[in-house]
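**Student:** The structure that follows is given in the form of structure tokens.
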Amino acid sequence: MSEKLLQLFPMEHRGFWKQVASDEEYLQEIRLRTDRPILIIRRQGECFLDKDGNYTSALETSVCATEKELTQILQHVCHYSMYAFEDELKRGFLTVAGGHRVGIAGQAVMEGEQVRTIKNISFLNIRISHQIKGVADAVLPHIYRDGEVLNTLLISPPGCGKTTLLRDLVRQVSDGNRYGKGRCVGVVDERSEIAGCFQGKPQNDVGMRTDVLDGCPKAVGMMILLRSMSPKVIAVDEIGNTADMEAIHMASCCGCKILATMHGECVRDAARKEGMERLFREQLFERFLLLGRENGCPVVKTVGGKECYLA
């Protein structure tokens, strides 16, 4: 896997990035900002890089990213055709081989109320994709009843692993497990984070019976999948507006089960979100899983208060 990460960088840069790429298992983000120190975010915390590409905690020995380096890296991940990636760039990120995601920021060029493109890109955030198979083992019994998947909402503050958990739930529901046979799953992957598609192909294992609609708004994508792929389960990440809620309601009325995530600290937070009133009133979600951290470890709490610690 480290080889795919190393290939994000132009050939002439790979000597500098070799050690970082070899540490992929522990990497979370590589943040590059023009004329500012390169920042590496690992599970153990933040650090910098020195001129030889070695980790350092000393700011005075850290090396800064240059405008030229950022431009070269971005051109490389766009295969030296920025125009071909115009649609991805205006969304603010590109998904690359290995499922890694390169976020960008700079000067937005507007067309009415829509972003037409982003130019003068001076900030890159390389988010490292990690698939942890088996991370959903402890919660599987909570989302099944008599062999059938329950409509489930994962509620989590940022950084508590909700997408990682959802990804493994999709895989295990799709392939089948001790609690239920395999089901056809449709994933609407608006930000390419669940399946991590690169050129339409999932870079993460999301199961043998899973179909993915990549880069499509959730509300639109759910309707497309219902018409085209006849899923038994639909999975979406970070629902948050009335259109999402209406699409979930429609999918449920068509007999499709829902696996979804939402930002929040508790069920009450979820209930206050735009459009959620109807779903709560009709008790569409049968199971809520609350994510958080205790002693630095991810923890999932069901509404009933039971706890299961994730690997």
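Simple scheme: letters A, B, ... for chains in structure tokens order, numbers from 1 for residues in each chain, numbers from 1 for ligands in the order shown.
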Excluding Leu70 (chain A) and its own-chain neighbours fewer than 2 positions away, which residues fall within 10 Å of it when counting only C-alpha atoms? Please give them as a PyMOL selection string.

**Tutor:** chain A and resi 9+32-34+65-68+72-76+121-124

**Student:** With 12 Å as the cut-off and only C-alpha atoms counted, what is the closest atom pair between each nearby residue of region 106-224 of chain A and region 244-249 of chain A? Distances in Å to one decimal, ordered by chain and number, as a tab-separated table.

**Tutor:**
residue	atom	partner	partner_atom	distance
A:Asn151	CA	A:Ile248	CA	10.1
A:Thr152	CA	A:Ile248	CA	11.5
A:Leu153	CA	A:Ile248	CA	11.3
A:Val188	CA	A:Asp244	CA	11.2
A:Glu190	CA	A:Asp244	CA	11.8
A:Pro217	CA	A:Asp244	CA	8.9
A:Lys218	CA	A:Asp244	CA	6.3
A:Ala219	CA	A:Asp244	CA	4.8
A:Val220	CA	A:Ala247	CA	7.8
A:Gly221	CA	A:Ala247	CA	9.0
A:Met222	CA	A:Ala247	CA	6.5
A:Met223	CA	A:Ala247	CA	6.9
A:Ile224	CA	A:Ala247	CA	10.5

**Student:** What residues in region 59-281 of chain A get the DSSP label helix (DSSP H, G or I)? Please answer as number ranges by chain.

**Tutor:** A: 59-61, 67-77, 82-91, 140-142, 162-175, 218-228, 242-253, 267-271, 276-281

**Student:** Quick one: write out the picked residues with C-alpha atoms as a tab-separated table (two decimals), in the first residue's frame?

**Tutor:**
chain	number	residue	atom	x	y	z
A	59	LEU	CA	9.72	23.70	14.30
A	60	GLU	CA	13.12	25.33	13.75
A	61	THR	CA	14.39	22.30	11.77
A	67	GLU	CA	4.51	26.94	-4.33
A	68	LYS	CA	6.43	25.00	-6.98
A	69	GLU	CA	6.17	21.73	-5.02
A	70	LEU	CA	2.41	22.10	-4.49
A	71	THR	CA	1.90	22.82	-8.17
A	72	GLN	CA	4.01	19.82	-9.20
A	73	ILE	CA	2.17	17.46	-6.83
A	74	LEU	CA	-1.26	18.69	-7.95
A	75	GLN	CA	-0.33	18.44	-11.63
A	76	HIS	CA	0.97	14.92	-11.03
A	77	VAL	CA	-2.22	13.65	-9.33
A	82	MET	CA	-5.96	19.97	-14.81
A	83	TYR	CA	-8.77	20.56	-17.29
A	84	ALA	CA	-9.71	16.88	-17.26
A	85	PHE	CA	-10.23	17.09	-13.49
A	86	GLU	CA	-12.14	20.38	-13.51
A	87	ASP	CA	-15.32	18.84	-12.06
A	88	GLU	CA	-13.41	17.25	-9.19
A	89	LEU	CA	-11.38	20.37	-8.49
A	90	LYS	CA	-14.44	22.59	-8.13
A	91	ARG	CA	-15.73	20.18	-5.48
A	140	LEU	CA	-23.43	-6.15	14.03
A	141	PRO	CA	-25.79	-7.79	16.56
A	142	HIS	CA	-27.31	-4.37	17.26
A	162	LYS	CA	-18.11	6.90	11.68
A	163	THR	CA	-17.13	6.50	8.01
A	164	THR	CA	-14.72	3.68	8.84
A	165	LEU	CA	-17.48	1.94	10.78
A	166	LEU	CA	-20.06	2.51	8.03
A	167	ARG	CA	-17.65	1.14	5.40
A	168	ASP	CA	-17.22	-2.11	7.32
A	169	LEU	CA	-20.96	-2.39	7.98
A	170	VAL	CA	-21.55	-2.10	4.23
A	171	ARG	CA	-18.97	-4.80	3.53
A	172	GLN	CA	-20.37	-7.24	6.07
A	173	VAL	CA	-24.03	-6.63	5.18
A	174	SER	CA	-23.14	-7.13	1.52
A	175	ASP	CA	-21.10	-10.30	1.98
A	218	LYS	CA	-27.07	11.84	-1.72
A	219	ALA	CA	-30.71	12.77	-2.37
A	220	VAL	CA	-30.33	12.40	-6.14
A	221	GLY	CA	-28.19	9.29	-5.87
A	222	MET	CA	-30.60	7.39	-3.65
A	223	MET	CA	-33.36	7.82	-6.23
A	224	ILE	CA	-31.06	6.74	-9.07
A	225	LEU	CA	-30.02	3.58	-7.22
A	226	LEU	CA	-33.62	2.72	-6.36
A	227	ARG	CA	-34.56	2.89	-10.04
A	228	SER	CA	-31.47	1.29	-11.52
A	242	THR	CA	-34.33	18.14	4.07
A	243	ALA	CA	-33.62	16.69	0.61
A	244	ASP	CA	-31.56	13.88	2.18
A	245	MET	CA	-34.33	13.12	4.67
A	246	GLU	CA	-37.04	13.06	1.99
A	247	ALA	CA	-34.96	10.67	-0.12
A	248	ILE	CA	-34.43	8.39	2.89
A	249	HIS	CA	-38.18	8.41	3.54
A	250	MET	CA	-38.88	7.51	-0.10
A	251	ALA	CA	-36.32	4.69	-0.05
A	252	SER	CA	-37.81	3.31	3.14
A	253	CYS	CA	-41.31	3.42	1.65
A	267	VAL	CA	-29.89	11.57	19.46
A	268	ARG	CA	-31.31	14.94	20.48
A	269	ASP	CA	-28.78	16.63	18.18
A	270	ALA	CA	-29.97	14.43	15.33
A	271	ALA	CA	-33.60	15.21	16.03
A	276	MET	CA	-35.40	15.02	10.66
A	277	GLU	CA	-38.71	15.75	12.41
A	278	ARG	CA	-40.69	13.56	10.02
A	279	LEU	CA	-38.30	10.64	10.29
A	280	PHE	CA	-38.47	10.80	14.09
A	281	ARG	CA	-42.22	11.25	14.12

**Student:** Between A:Gly106, A:Ile41, A:Tyr179, A:Glu148, which is the closest to Arg127 (chain A) once you count only C-alpha atoms?

**Tutor:**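 For Arg127 (chain A), the nearest of the given residues is A:Ile41.
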
**Student:** Find the distance between CA of Asp237 (chain A) and CA of Val185 (chain A) and write it in Å to one decimal.

**Tutor:**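 Interatomic distance here is 13.8 Å.
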
**Student:** Counting only C-alpha atoms, which of A:Lys181, A:Phe16, A:Arg116, A:Leu150 gets nearest to Gln283 (chain A)?

**Tutor:**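 Nearest to Gln283 (chain A): A:Leu150.
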
**Student:** For a test of reading the model, state the distance in Å between CA of Glu286 (chain A) and CA of Arg178 (chain A), rounded to one decimal.

**Tutor:** 20.1 Å

**Student:** Out of region 144-300 of chain A, which residues get strand (DSSP E or B) from DSSP, as a PDB file with C-alpha atoms, in the first residue's frame?

**Tutor:**
ATOM      1  CA  TYR A 144     -30.078  -7.008  12.910  1.00  0.00           C
ATOM      2  CA  ARG A 145     -33.398  -8.439  14.020  1.00  0.00           C
ATOM      3  CA  GLU A 148     -33.004  -8.535   8.711  1.00  0.00           C
ATOM      4  CA  VAL A 149     -31.044  -5.267   8.731  1.00  0.00           C
ATOM      5  CA  THR A 152     -29.690   2.435  11.499  1.00  0.00           C
ATOM      6  CA  LEU A 153     -28.335   5.944  12.106  1.00  0.00           C
ATOM      7  CA  LEU A 154     -24.759   6.413  13.312  1.00  0.00           C
ATOM      8  CA  ILE A 155     -24.394   9.688  15.211  1.00  0.00           C
ATOM      9  CA  SER A 156     -20.881  10.935  15.842  1.00  0.00           C
ATOM     10  CA  ASN A 177     -22.432 -12.598   8.289  1.00  0.00           C
ATOM     11  CA  GLY A 180     -27.978 -12.283   8.245  1.00  0.00           C
ATOM     12  CA  VAL A 185     -26.284  -2.757  -0.996  1.00  0.00           C
ATOM     13  CA  GLY A 186     -26.343   0.565  -2.834  1.00  0.00           C
ATOM     14  CA  VAL A 187     -23.806   3.166  -1.684  1.00  0.00           C
ATOM     15  CA  VAL A 188     -24.219   6.834  -2.589  1.00  0.00           C
ATOM     16  CA  ASP A 189     -20.653   8.026  -2.064  1.00  0.00           C
ATOM     17  CA  CYS A 197     -13.577   5.086  -6.010  1.00  0.00           C
ATOM     18  CA  PHE A 198     -10.809   5.906  -8.446  1.00  0.00           C
ATOM     19  CA  LYS A 201     -13.636   1.463  -9.282  1.00  0.00           C
ATOM     20  CA  PRO A 202     -13.833   1.083  -5.479  1.00  0.00           C
ATOM     21  CA  THR A 210     -22.435  -3.644  -3.376  1.00  0.00           C
ATOM     22  CA  ASP A 211     -23.050  -1.094  -6.136  1.00  0.00           C
ATOM     23  CA  VAL A 212     -21.543   2.379  -5.782  1.00  0.00           C
ATOM     24  CA  LEU A 213     -22.712   5.702  -7.204  1.00  0.00           C
ATOM     25  CA  ASP A 214     -19.672   7.929  -6.755  1.00  0.00           C
ATOM     26  CA  VAL A 233     -30.012  -1.658   1.685  1.00  0.00           C
ATOM     27  CA  ILE A 234     -28.858   1.901   0.912  1.00  0.00           C
ATOM     28  CA  ALA A 235     -25.848   3.408   2.706  1.00  0.00           C
ATOM     29  CA  VAL A 236     -25.076   7.138   2.855  1.00  0.00           C
ATOM     30  CA  LYS A 257     -33.296  -0.505   4.580  1.00  0.00           C
ATOM     31  CA  ILE A 258     -31.066   2.461   5.462  1.00  0.00           C
ATOM     32  CA  LEU A 259     -27.562   2.715   6.921  1.00  0.00           C
ATOM     33  CA  ALA A 260     -26.671   6.385   7.441  1.00  0.00           C
ATOM     34  CA  THR A 261     -24.376   8.623   9.447  1.00  0.00           C
ATOM     35  CA  MET A 262     -24.825  12.121  10.834  1.00  0.00           C
ATOM     36  CA  HIS A 263     -22.718  14.597  12.786  1.00  0.00           C
ATOM     37  CA  ARG A 287     -31.498   1.722  15.860  1.00  0.00           C
ATOM     38  CA  PHE A 288     -29.212   4.583  16.834  1.00  0.00           C
ATOM     39  CA  LEU A 289     -25.497   4.077  17.423  1.00  0.00           C
ATOM     40  CA  LEU A 290     -23.745   6.905  19.253  1.00  0.00           C
ATOM     41  CA  LEU A 291     -20.015   7.219  18.621  1.00  0.00           C
ATOM     42  CA  GLY A 292     -17.484   8.903  20.852  1.00  0.00           C
ATOM     43  CA  ARG A 293     -14.137   8.374  22.540  1.00  0.00           C
ATOM     44  CA  GLU A 294     -13.150   7.115  25.963  1.00  0.00           C
ATOM     45  CA  CYS A 297     -10.413   4.716  22.052  1.00  0.00           C
ATOM     46  CA  PRO A 298     -13.499   4.821  19.825  1.00  0.00           C
ATOM     47  CA  VAL A 299     -16.623   3.640  21.601  1.00  0.00           C
ATOM     48  CA  VAL A 300     -20.120   2.985  20.307  1.00  0.00           C
TER      49      VAL A 300
END

**Student:** Looking at A:Thr117, A:Gln44, A:Gln131, A:Ser192, which one is nearest to Gly92 (chain A), with distances taken over only C-alpha atoms?

**Tutor:**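 Among A:Thr117, A:Gln44, A:Gln131, A:Ser192, it is A:Thr117 that comes nearest to Gly92 (chain A).
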
**Student:** Figure out the distance between CA of Val20 (chain A) and CA of Gly99 (chain A), please, to one decimal in Å.

**Tutor:**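 Rounded to one decimal, the two atoms are 17.2 Å apart.
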
**Student:** Could you name the residues that touch Asn120 (chain A) at 9 Å or less, counting only C-alpha atoms, but leaving out those on the same chain fewer than 3 positions away, as an mmCIF file with C-alpha atoms, in the first residue's frame?

**Tutor:**
data_model
loop_
_atom_site.group_PDB
_atom_site.id
_atom_site.type_symbol
_atom_site.label_atom_id
_atom_site.label_comp_id
_atom_site.auth_asym_id
_atom_site.auth_seq_id
_atom_site.Cartn_x
_atom_site.Cartn_y
_atom_site.Cartn_z
ATOM 1 C CA ALA A 105 -8.021 25.219 -1.187
ATOM 2 C CA GLY A 106 -7.125 28.495 -2.823
ATOM 3 C CA GLN A 107 -9.025 31.170 -4.756
ATOM 4 C CA ALA A 108 -12.589 30.208 -5.659
#
